[in-house]
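Coordinates from input-v9.tsv are shown below (TSV, C-alpha atoms and all ligand atoms).
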```tsv
chain	number	residue	atom	x	y	z
G	1	MET	CA	-153.90	-40.01	129.97
G	2	HIS	CA	-154.48	-36.28	130.09
G	3	GLU	CA	-151.35	-34.35	129.08
G	4	PHE	CA	-151.29	-32.24	132.28
G	5	ALA	CA	-152.00	-35.10	134.64
G	6	GLU	CA	-148.34	-35.92	135.26
G	7	ALA	CA	-147.05	-32.45	136.20
G	8	ARG	CA	-147.56	-33.14	139.91
G	9	GLY	CA	-147.79	-36.91	139.53
G	10	ALA	CA	-144.64	-37.70	141.50
G	11	MET	CA	-145.69	-35.34	144.32
G	12	ALA	CA	-149.19	-36.81	144.38
G	13	ALA	CA	-147.75	-40.34	144.64
G	14	MET	CA	-145.51	-39.30	147.56
G	15	ILE	CA	-148.45	-37.63	149.28
G	16	ARG	CA	-150.61	-40.74	148.88
G	17	SER	CA	-147.94	-43.16	150.05
G	18	GLY	CA	-146.84	-40.90	152.92
G	19	ASP	CA	-143.26	-40.62	151.61
G	20	LEU	CA	-142.32	-37.73	153.90
G	21	ALA	CA	-138.59	-38.18	153.32
G	22	GLY	CA	-139.12	-37.84	149.56
G	23	LEU	CA	-141.30	-34.77	150.00
G	24	LEU	CA	-138.76	-33.25	152.37
G	25	ARG	CA	-136.03	-33.66	149.74
G	26	GLN	CA	-138.14	-31.73	147.25
G	27	ALA	CA	-138.81	-29.03	149.83
G	28	GLU	CA	-135.13	-28.75	150.74
G	29	GLY	CA	-134.29	-28.10	147.09
G	30	PHE	CA	-136.81	-25.27	147.03
G	31	HIS	CA	-136.04	-23.79	150.45
G	32	GLY	CA	-132.25	-24.04	150.29
G	33	HIS	CA	-131.73	-25.67	153.67
G	34	LEU	CA	-133.24	-28.28	155.90
G	35	CYS	CA	-134.86	-27.14	159.14
G	36	PRO	CA	-137.60	-28.33	161.52
G	37	MET	CA	-140.16	-25.71	160.44
G	38	LEU	CA	-139.74	-26.73	156.79
G	39	LEU	CA	-140.35	-30.32	157.87
G	40	LEU	CA	-143.50	-29.31	159.75
G	41	GLY	CA	-144.77	-27.51	156.65
G	42	VAL	CA	-144.14	-30.68	154.64
G	43	LYS	CA	-145.96	-32.83	157.20
G	44	ALA	CA	-148.88	-30.41	157.43
G	45	GLY	CA	-149.15	-30.22	153.63
G	46	GLN	CA	-148.99	-34.00	153.20
G	47	TYR	CA	-151.59	-34.59	155.89
G	48	ALA	CA	-154.06	-32.08	154.48
G	49	MET	CA	-153.61	-33.07	150.83
G	50	LYS	CA	-154.09	-36.73	151.64
G	51	ARG	CA	-157.13	-35.95	153.76
G	52	LEU	CA	-158.69	-33.73	151.07
G	53	ASP	CA	-157.71	-36.31	148.41
G	54	HIS	CA	-157.78	-33.83	145.56
G	55	HIS	CA	-155.33	-34.03	142.70
G	56	HIS	CA	-154.95	-30.56	141.21
G	57	HIS	CA	-153.18	-28.64	138.50
G	58	GLY	CA	-152.27	-25.38	140.21
G	59	MET	CA	-155.46	-23.71	139.00
G	60	GLU	CA	-156.72	-22.76	142.46
G	61	GLU	CA	-158.72	-26.00	142.83
G	62	VAL	CA	-156.97	-26.31	146.18
G	63	VAL	CA	-156.02	-23.19	148.12
G	64	ALA	CA	-153.61	-22.83	151.04
G	65	LEU	CA	-154.11	-19.92	153.42
G	66	VAL	CA	-150.89	-19.35	155.33
G	67	GLU	CA	-150.53	-17.06	158.30
G	68	THR	CA	-146.81	-16.34	158.28
G	69	ASN	CA	-143.98	-16.20	155.75
G	70	ASN	CA	-141.42	-18.44	157.40
G	71	CYS	CA	-139.78	-21.79	156.61
G	72	PHE	CA	-143.08	-23.62	157.28
G	73	THR	CA	-144.71	-21.84	154.34
G	74	ASP	CA	-142.09	-23.15	151.90
G	75	GLY	CA	-142.90	-26.72	152.95
G	76	ILE	CA	-146.57	-25.93	152.34
G	77	GLN	CA	-145.92	-24.46	148.88
G	78	VAL	CA	-143.88	-27.43	147.68
G	79	VAL	CA	-146.18	-30.16	148.95
G	80	THR	CA	-149.55	-28.57	148.23
G	81	GLY	CA	-148.51	-26.93	144.95
G	82	CYS	CA	-150.31	-23.79	146.14
G	83	THR	CA	-147.73	-21.11	145.45
G	84	PHE	CA	-147.07	-17.41	145.43
G	85	GLY	CA	-147.12	-17.55	141.63
G	86	ASN	CA	-150.27	-19.55	140.92
G	87	ASN	CA	-152.50	-17.51	143.24
G	88	ALA	CA	-153.51	-20.58	145.23
G	89	LEU	CA	-151.47	-19.31	148.18
G	90	ILE	CA	-153.28	-16.71	150.25
G	91	PHE	CA	-151.25	-14.83	152.85
G	92	LYS	CA	-152.93	-13.71	156.06
G	93	ASP	CA	-150.47	-11.52	157.93
G	94	LEU	CA	-151.22	-12.91	161.39
G	95	GLY	CA	-147.75	-14.04	162.42
G	96	LYS	CA	-148.93	-17.57	163.26
G	97	THR	CA	-147.22	-20.70	162.02
G	98	ALA	CA	-150.50	-22.09	160.71
G	99	VAL	CA	-152.15	-23.10	157.48
G	100	THR	CA	-155.66	-23.86	156.29
G	101	ILE	CA	-155.78	-25.98	153.16
G	102	ALA	CA	-159.13	-26.08	151.40
G	103	ARG	CA	-160.84	-27.67	148.43
G	104	ARG	CA	-162.58	-25.09	146.26
G	105	ASP	CA	-165.48	-27.28	145.11
G	106	ASP	CA	-167.00	-27.77	148.57
G	107	GLY	CA	-164.92	-25.69	150.98
G	108	ALA	CA	-163.75	-28.75	152.92
G	109	ALA	CA	-160.63	-27.67	154.79
G	110	VAL	CA	-157.97	-28.83	157.20
G	111	ARG	CA	-156.30	-26.35	159.51
G	112	LEU	CA	-152.95	-27.21	161.06
G	113	THR	CA	-151.07	-25.09	163.57
G	114	VAL	CA	-147.72	-25.75	165.20
G	115	ARG	CA	-148.27	-26.65	168.85
G	116	PRO	CA	-147.48	-23.65	171.06
G	117	ASP	CA	-145.03	-25.72	173.12
G	118	TYR	CA	-143.28	-27.15	170.07
G	119	ARG	CA	-140.01	-25.29	170.50
G	120	GLU	CA	-139.69	-26.35	174.16
G	121	GLN	CA	-140.55	-29.91	173.13
G	122	LEU	CA	-137.85	-29.79	170.48
G	123	PHE	CA	-135.15	-28.43	172.77
G	124	ALA	CA	-136.08	-31.03	175.37
G	125	ARG	CA	-135.66	-33.81	172.79
G	126	TYR	CA	-132.34	-32.44	171.50
G	127	PRO	CA	-130.63	-30.68	174.43
G	128	ALA	CA	-127.54	-29.71	172.41
G	129	VAL	CA	-129.60	-27.56	170.05
G	130	GLY	CA	-131.19	-25.00	172.40
G	131	PRO	CA	-128.08	-23.05	173.45
G	132	LEU	CA	-126.71	-23.09	169.91
G	133	PHE	CA	-130.05	-21.86	168.51
G	134	GLU	CA	-130.02	-19.02	171.03
G	135	LYS	CA	-126.49	-18.00	170.09
G	136	VAL	CA	-126.64	-18.42	166.31
G	137	VAL	CA	-130.26	-17.59	165.43
G	138	VAL	CA	-131.61	-15.39	168.20
G	139	GLN	CA	-128.50	-13.36	169.05
G	140	ARG	CA	-126.76	-13.76	165.67
G	141	ALA	CA	-123.56	-14.03	167.66
G	142	GLY	CA	-122.21	-17.41	166.53
G	143	THR	CA	-118.72	-17.96	165.14
G	144	HIS	CA	-118.36	-19.58	161.72
G	145	GLU	CA	-117.85	-22.87	163.49
G	146	ASP	CA	-120.99	-22.39	165.61
G	147	ILE	CA	-123.03	-21.60	162.51
G	148	HIS	CA	-121.69	-24.63	160.68
G	149	ARG	CA	-122.37	-26.91	163.65
G	150	PHE	CA	-125.82	-25.44	164.08
G	151	GLN	CA	-126.75	-25.99	160.43
G	152	HIS	CA	-125.74	-29.66	160.62
G	153	LEU	CA	-127.55	-30.20	163.88
G	154	TRP	CA	-130.66	-28.37	162.71
G	155	ALA	CA	-130.85	-30.50	159.54
G	156	ALA	CA	-130.34	-33.67	161.58
G	157	VAL	CA	-133.12	-32.60	163.93
G	158	ALA	CA	-135.45	-32.04	160.96
G	159	ARG	CA	-134.74	-35.58	159.71
G	160	ARG	CA	-135.33	-37.07	163.16
G	161	GLU	CA	-138.58	-35.13	163.51
G	162	LEU	CA	-139.92	-37.01	160.47
G	163	GLU	CA	-140.58	-39.93	162.81
G	164	VAL	CA	-142.36	-37.99	165.55
G	165	PRO	CA	-146.16	-38.46	165.40
G	166	LEU	CA	-147.86	-35.48	163.75
G	167	GLU	CA	-150.24	-34.94	166.69
G	168	GLU	CA	-147.26	-34.20	168.96
G	169	GLN	CA	-146.13	-31.42	166.62
G	170	LEU	CA	-149.29	-29.97	165.12
G	171	LEU	CA	-152.87	-29.26	166.15
G	172	VAL	CA	-155.34	-30.41	163.52
G	173	ALA	CA	-158.91	-29.29	162.92
G	174	GLU	CA	-161.31	-30.08	160.10
G	175	LEU	CA	-163.68	-27.36	159.02
G	176	THR	CA	-165.58	-25.92	156.08
G	177	ILE	CA	-164.60	-22.46	154.86
G	178	THR	CA	-165.70	-19.94	152.28
G	179	LEU	CA	-162.80	-19.48	149.90
G	180	PRO	CA	-161.70	-16.17	148.42
G	181	PRO	CA	-162.81	-15.85	144.77
G	182	PHE	CA	-160.55	-16.96	141.93
G	183	ALA	CA	-157.78	-14.51	141.08
G	184	ARG	CA	-158.96	-12.06	138.43
G	185	ILE	CA	-157.16	-11.44	135.17
G	186	TYR	CA	-156.56	-7.76	134.52
G	187	ASP	CA	-155.58	-5.75	131.50
G	188	SER	CA	-152.18	-4.11	131.46
G	189	VAL	CA	-151.25	-0.51	130.77
G	190	ILE	CA	-147.87	0.93	129.84
G	191	CYS	CA	-146.32	3.26	132.40
G	192	ALA	CA	-145.79	6.65	130.77
G	193	ALA	CA	-142.53	7.16	132.69
G	194	CYS	CA	-140.63	3.83	132.61
G	195	GLY	CA	-142.38	2.17	129.66
G	196	GLU	CA	-142.95	-1.04	131.59
G	197	SER	CA	-146.20	-2.97	131.53
G	198	VAL	CA	-148.33	-2.66	134.69
G	199	MET	CA	-151.49	-4.46	135.88
G	200	ALA	CA	-154.16	-1.81	135.21
G	201	PRO	CA	-155.57	-1.61	138.78
G	202	LYS	CA	-152.03	-1.10	140.14
G	203	ALA	CA	-151.33	1.91	137.93
G	204	VAL	CA	-152.20	5.48	138.96
G	205	THR	CA	-152.88	8.57	136.94
G	206	HIS	CA	-149.93	10.93	137.29
G	207	GLU	CA	-149.85	14.19	135.34
G	208	GLY	CA	-152.77	12.86	133.36
G	209	ARG	CA	-151.08	9.67	132.21
G	210	PRO	CA	-151.08	6.05	133.44
G	211	THR	CA	-148.01	5.58	135.60
G	212	CYS	CA	-146.72	2.82	137.86
G	213	ARG	CA	-146.69	3.67	141.56
G	214	ALA	CA	-142.88	3.55	141.69
G	215	CYS	CA	-142.54	6.21	138.97
G	216	ALA	CA	-145.35	8.28	140.49
G	217	GLY	CA	-143.52	8.26	143.84
G	218	GLN	CA	-146.51	6.67	145.57
G	219	ASN	CA	-146.43	4.18	148.42
G	220	PHE	CA	-147.04	0.51	147.81
G	221	ALA	CA	-147.21	-2.53	150.08
G	222	LEU	CA	-144.11	-4.69	150.57
G	223	LEU	CA	-144.03	-8.28	151.74
G	224	THR	CA	-140.84	-8.62	153.79
G	225	GLY	CA	-139.57	-10.80	156.60
G	226	ASP	CA	-141.65	-8.57	158.88
G	227	GLY	CA	-144.86	-9.36	157.00
G	228	ILE	CA	-146.78	-6.89	154.86
G	229	ILE	CA	-145.44	-3.39	155.26
G	230	CYS	CA	-147.46	-0.41	154.03
G	231	PRO	CA	-145.07	2.57	154.06
G	232	GLY	CA	-146.74	5.79	155.03
G	233	GLU	CA	-149.39	4.04	157.11
G	234	ALA	CA	-148.74	4.35	160.83
V	1	ZN	ZN	-135.71	-22.93	157.06
V	2	ZN	ZN	-143.06	3.24	135.76
```

Once you've parsed the file, please lay out its structure as C-alpha cells.
Amino acid sequence: MHEFAEARGAMAAMIRSGDLAGLLRQAEGFHGHLCPMLLLGVKAGQYAMKRLDHHHHGMEEVVALVETNNCFTDGIQVVTGCTFGNNALIFKDLGKTAVTIARRDDGAAVRLTVRPDYREQLFARYPAVGPLFEKVVVQRAGTHEDIHRFQHLWAAVARRELEVPLEEQLLVAELTITLPPFARIYDSVICAACGESVMAPKAVTHEGRPTCRACAGQNFALLTGDGIICPGEA
C-alpha cells in the first residue's frame, strides 16, 4: 500500500460508512466544543465527500469553498481535509453558512447551505434552548450558571441533531464548477527591518529595500470574526 494512503484512512472509512458520531468526535477535538453548526458542517462534509467519492491527500484534489468563518467551517475542514493550511479551503466572504465541495479533476461539486429556517426549526424542537441562546449568546448576559447550562444543552442538541434527516437541515444542489487554480509556490525574501522571511509577493519596497508590510507601516487584510477586513479601505 502507498505510504501516504493511510493519513486520512480512518476519516475516509467513517465518511464511507456514514459514521457521523465518529466524525463529530474528531471535529469536536478540533473545534473545542460541540455545537449544532459544527454538526451541520460535519454532515455537509460527509455527504459531499461520499457523493464525490474521492480519496485525497490534502493536495487540493478536492477543494472546499466556504462562505463564512463560523463553527460550520470547522466541521467542513475536519471532515473534508480541506484546510486553511493546505490551500484546499477557499474563503468567500459572503456571510452565508454554505459550502461548495468540488473535485478538481472534473469540477463535479456539491453545494450545501443551511436551511434559512433552521434556527427556528431548532428552537421549536428544543424549546428550552431558545431563551438561553438569546441570553447567553446574543446578549452575552448569562450568569456562569446560565453559560454552563447552555453549553451542556447546546452539545446535547448537536448530538440529537445527528439523527435528523439531512434534507431537513440543509439544502443540497449538485453542480459543476470551475475551480480556482492550484496555490502557487513563491520565493521568499528577507525583510530588511525585522529580518524575518516573507513571501515575495507580500513584501513591499520601503526605502529601497524589501520589507514586510508590518515593518513598512502598510495596511494588510485581516481575517477576523467579522470576515476579511481591509484597514484603510472604506
Ligand atoms: Zn461552535
Ligand atoms: Zn519586517

Wanna dump the chain G-ligand ZN 2 (chain V) contacts at 12 Å for me, each residue with its shortest atom pair and the distance in Å to one decimal, counting all atoms listed in the file, ordered by chain and number, as a Markdown table?
```
| residue | atom | partner | partner_atom | distance |
| --- | --- | --- | --- | --- |
| G:Val189 | CA | V:ZN2 | ZN | 10.3 |
| G:Ile190 | CA | V:ZN2 | ZN | 8.0 |
| G:Cys191 | CA | V:ZN2 | ZN | 4.7 |
| G:Ala192 | CA | V:ZN2 | ZN | 6.6 |
| G:Ala193 | CA | V:ZN2 | ZN | 5.0 |
| G:Cys194 | CA | V:ZN2 | ZN | 4.0 |
| G:Gly195 | CA | V:ZN2 | ZN | 6.2 |
| G:Glu196 | CA | V:ZN2 | ZN | 6.0 |
| G:Ser197 | CA | V:ZN2 | ZN | 8.1 |
| G:Val198 | CA | V:ZN2 | ZN | 8.0 |
| G:Met199 | CA | V:ZN2 | ZN | 11.4 |
| G:Lys202 | CA | V:ZN2 | ZN | 10.9 |
| G:Ala203 | CA | V:ZN2 | ZN | 8.7 |
| G:Val204 | CA | V:ZN2 | ZN | 9.9 |
| G:Thr205 | CA | V:ZN2 | ZN | 11.2 |
| G:His206 | CA | V:ZN2 | ZN | 10.4 |
| G:Arg209 | CA | V:ZN2 | ZN | 10.9 |
| G:Pro210 | CA | V:ZN2 | ZN | 8.8 |
| G:Thr211 | CA | V:ZN2 | ZN | 5.5 |
| G:Cys212 | CA | V:ZN2 | ZN | 4.2 |
| G:Arg213 | CA | V:ZN2 | ZN | 6.9 |
| G:Ala214 | CA | V:ZN2 | ZN | 5.9 |
| G:Cys215 | CA | V:ZN2 | ZN | 4.4 |
| G:Ala216 | CA | V:ZN2 | ZN | 7.3 |
| G:Gly217 | CA | V:ZN2 | ZN | 9.5 |
| G:Gln218 | CA | V:ZN2 | ZN | 11.0 |
```

| task | List all protein, DNA and RNA residues that have at least one atom no more than 8 Å from any atom of ligand ZN 1 (chain V), counting all atoms listed in the file, and write them as a PyMOL selection string. | result | chain G and resi 31-38+70-72

| task | Quick one: pull the distance between CA of Gly75 in chain G and CA of Val42 in chain G, Å, one decimal. | result | 4.5 Å

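The shortest atom-to-atom distance to Lys135 in chain G, with only C-alpha atoms taken into account, belongs to G:Ile147 out of G:Ile228, G:Leu223, G:Ile147, G:Leu175.
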
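Interatomic distance, CA of Pro131 in chain G against CA of Ala44 in chain G: 27.3 Å.
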
| task | Measure the distance from CA of Arg159 in chain G to CA of His55 in chain G in Å and round it to one decimal. | result |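 Those two atoms sit 26.8 Å apart.
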
| said: Using all atoms listed in the file, which protein or nucleic acid residues come within 10 Å of His57 in chain G? Drop anything in the same chain fewer than 5 positions from it, and give the result as an MDAnalysis selection string. | reply: chainID G and resid 4:9 62 81:82 86

Need the shell around Phe123 in chain G: protein/DNA/RNA residues with any atom at most 12 Å away, counting only C-alpha atoms. Skip same-chain ones fewer than 6 positions apart. Format as a CSV table (one decimal) with C-alpha atoms, in the coordinates of the input?
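Result written to part-v6.csv:
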```csv
chain,number,residue,atom,x,y,z
G,36,PRO,CA,-137.6,-28.3,161.5
G,117,ASP,CA,-145.0,-25.7,173.1
G,129,VAL,CA,-129.6,-27.6,170.0
G,130,GLY,CA,-131.2,-25.0,172.4
G,131,PRO,CA,-128.1,-23.0,173.4
G,132,LEU,CA,-126.7,-23.1,169.9
G,133,PHE,CA,-130.0,-21.9,168.5
G,134,GLU,CA,-130.0,-19.0,171.0
G,153,LEU,CA,-127.6,-30.2,163.9
G,154,TRP,CA,-130.7,-28.4,162.7
G,157,VAL,CA,-133.1,-32.6,163.9
G,161,GLU,CA,-138.6,-35.1,163.5
```

| said: Can you tell me which residues surround Met14 in chain G at a distance of at most 10 Å, considering all atoms listed in the file, apart from same-chain residues fewer than 4 positions away, and format the answer as an MDAnalysis selection string? | reply: chainID G and resid 9:10 18:23 46 50 79

Take the selection from the previous step and output its residues with C-alpha atoms, as a short mmCIF file (atom, residue, chain, number, x, y, z; two decimals), in the frame of the given file.
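Okay, selection.cif is ready:
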```cif
data_model
loop_
_atom_site.label_atom_id
_atom_site.label_comp_id
_atom_site.auth_asym_id
_atom_site.auth_seq_id
_atom_site.Cartn_x
_atom_site.Cartn_y
_atom_site.Cartn_z
CA GLY G 9 -147.79 -36.91 139.53
CA ALA G 10 -144.64 -37.70 141.50
CA GLY G 18 -146.84 -40.90 152.92
CA ASP G 19 -143.26 -40.62 151.61
CA LEU G 20 -142.32 -37.73 153.90
CA ALA G 21 -138.59 -38.18 153.32
CA GLY G 22 -139.12 -37.84 149.56
CA LEU G 23 -141.30 -34.77 150.00
CA GLN G 46 -148.99 -34.00 153.20
CA LYS G 50 -154.09 -36.73 151.64
CA VAL G 79 -146.18 -30.16 148.95
#
```

| Of the residues G:Phe182, G:Tyr47, G:Phe150, G:Phe220, which is the one nearest to Ile90 in chain G, using all atoms listed in the file? | G:Phe182

| task | Find the residues around Thr97 in chain G up to 12 Å (only C-alpha atoms counted), leave out those fewer than 4 positions away in its own chain, and share them as a PyMOL selection string. | result | chain G and resi 37-38+40-41+44+65-76+91-93+111-116+118+169-171

Centre and edge lengths, as lines of an AutoDock Vina configuration file, for the axis-aligned box enclosing every listed atom of range 213-224 of chain G with 5 Å of padding on each of the six sides, in Å to one decimal?
```
center_x = -144.0
center_y = -0.2
center_z = 146.4
size_x = 16.4
size_y = 26.9
size_z = 24.8
```

| field | Counting only C-alpha atoms, the option among G:Glu167, G:Asp106, G:Glu174, G:Glu61 closest to Asn87 in chain G | value |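 Closest to Asn87 in chain G of all the choices is G:Glu61.
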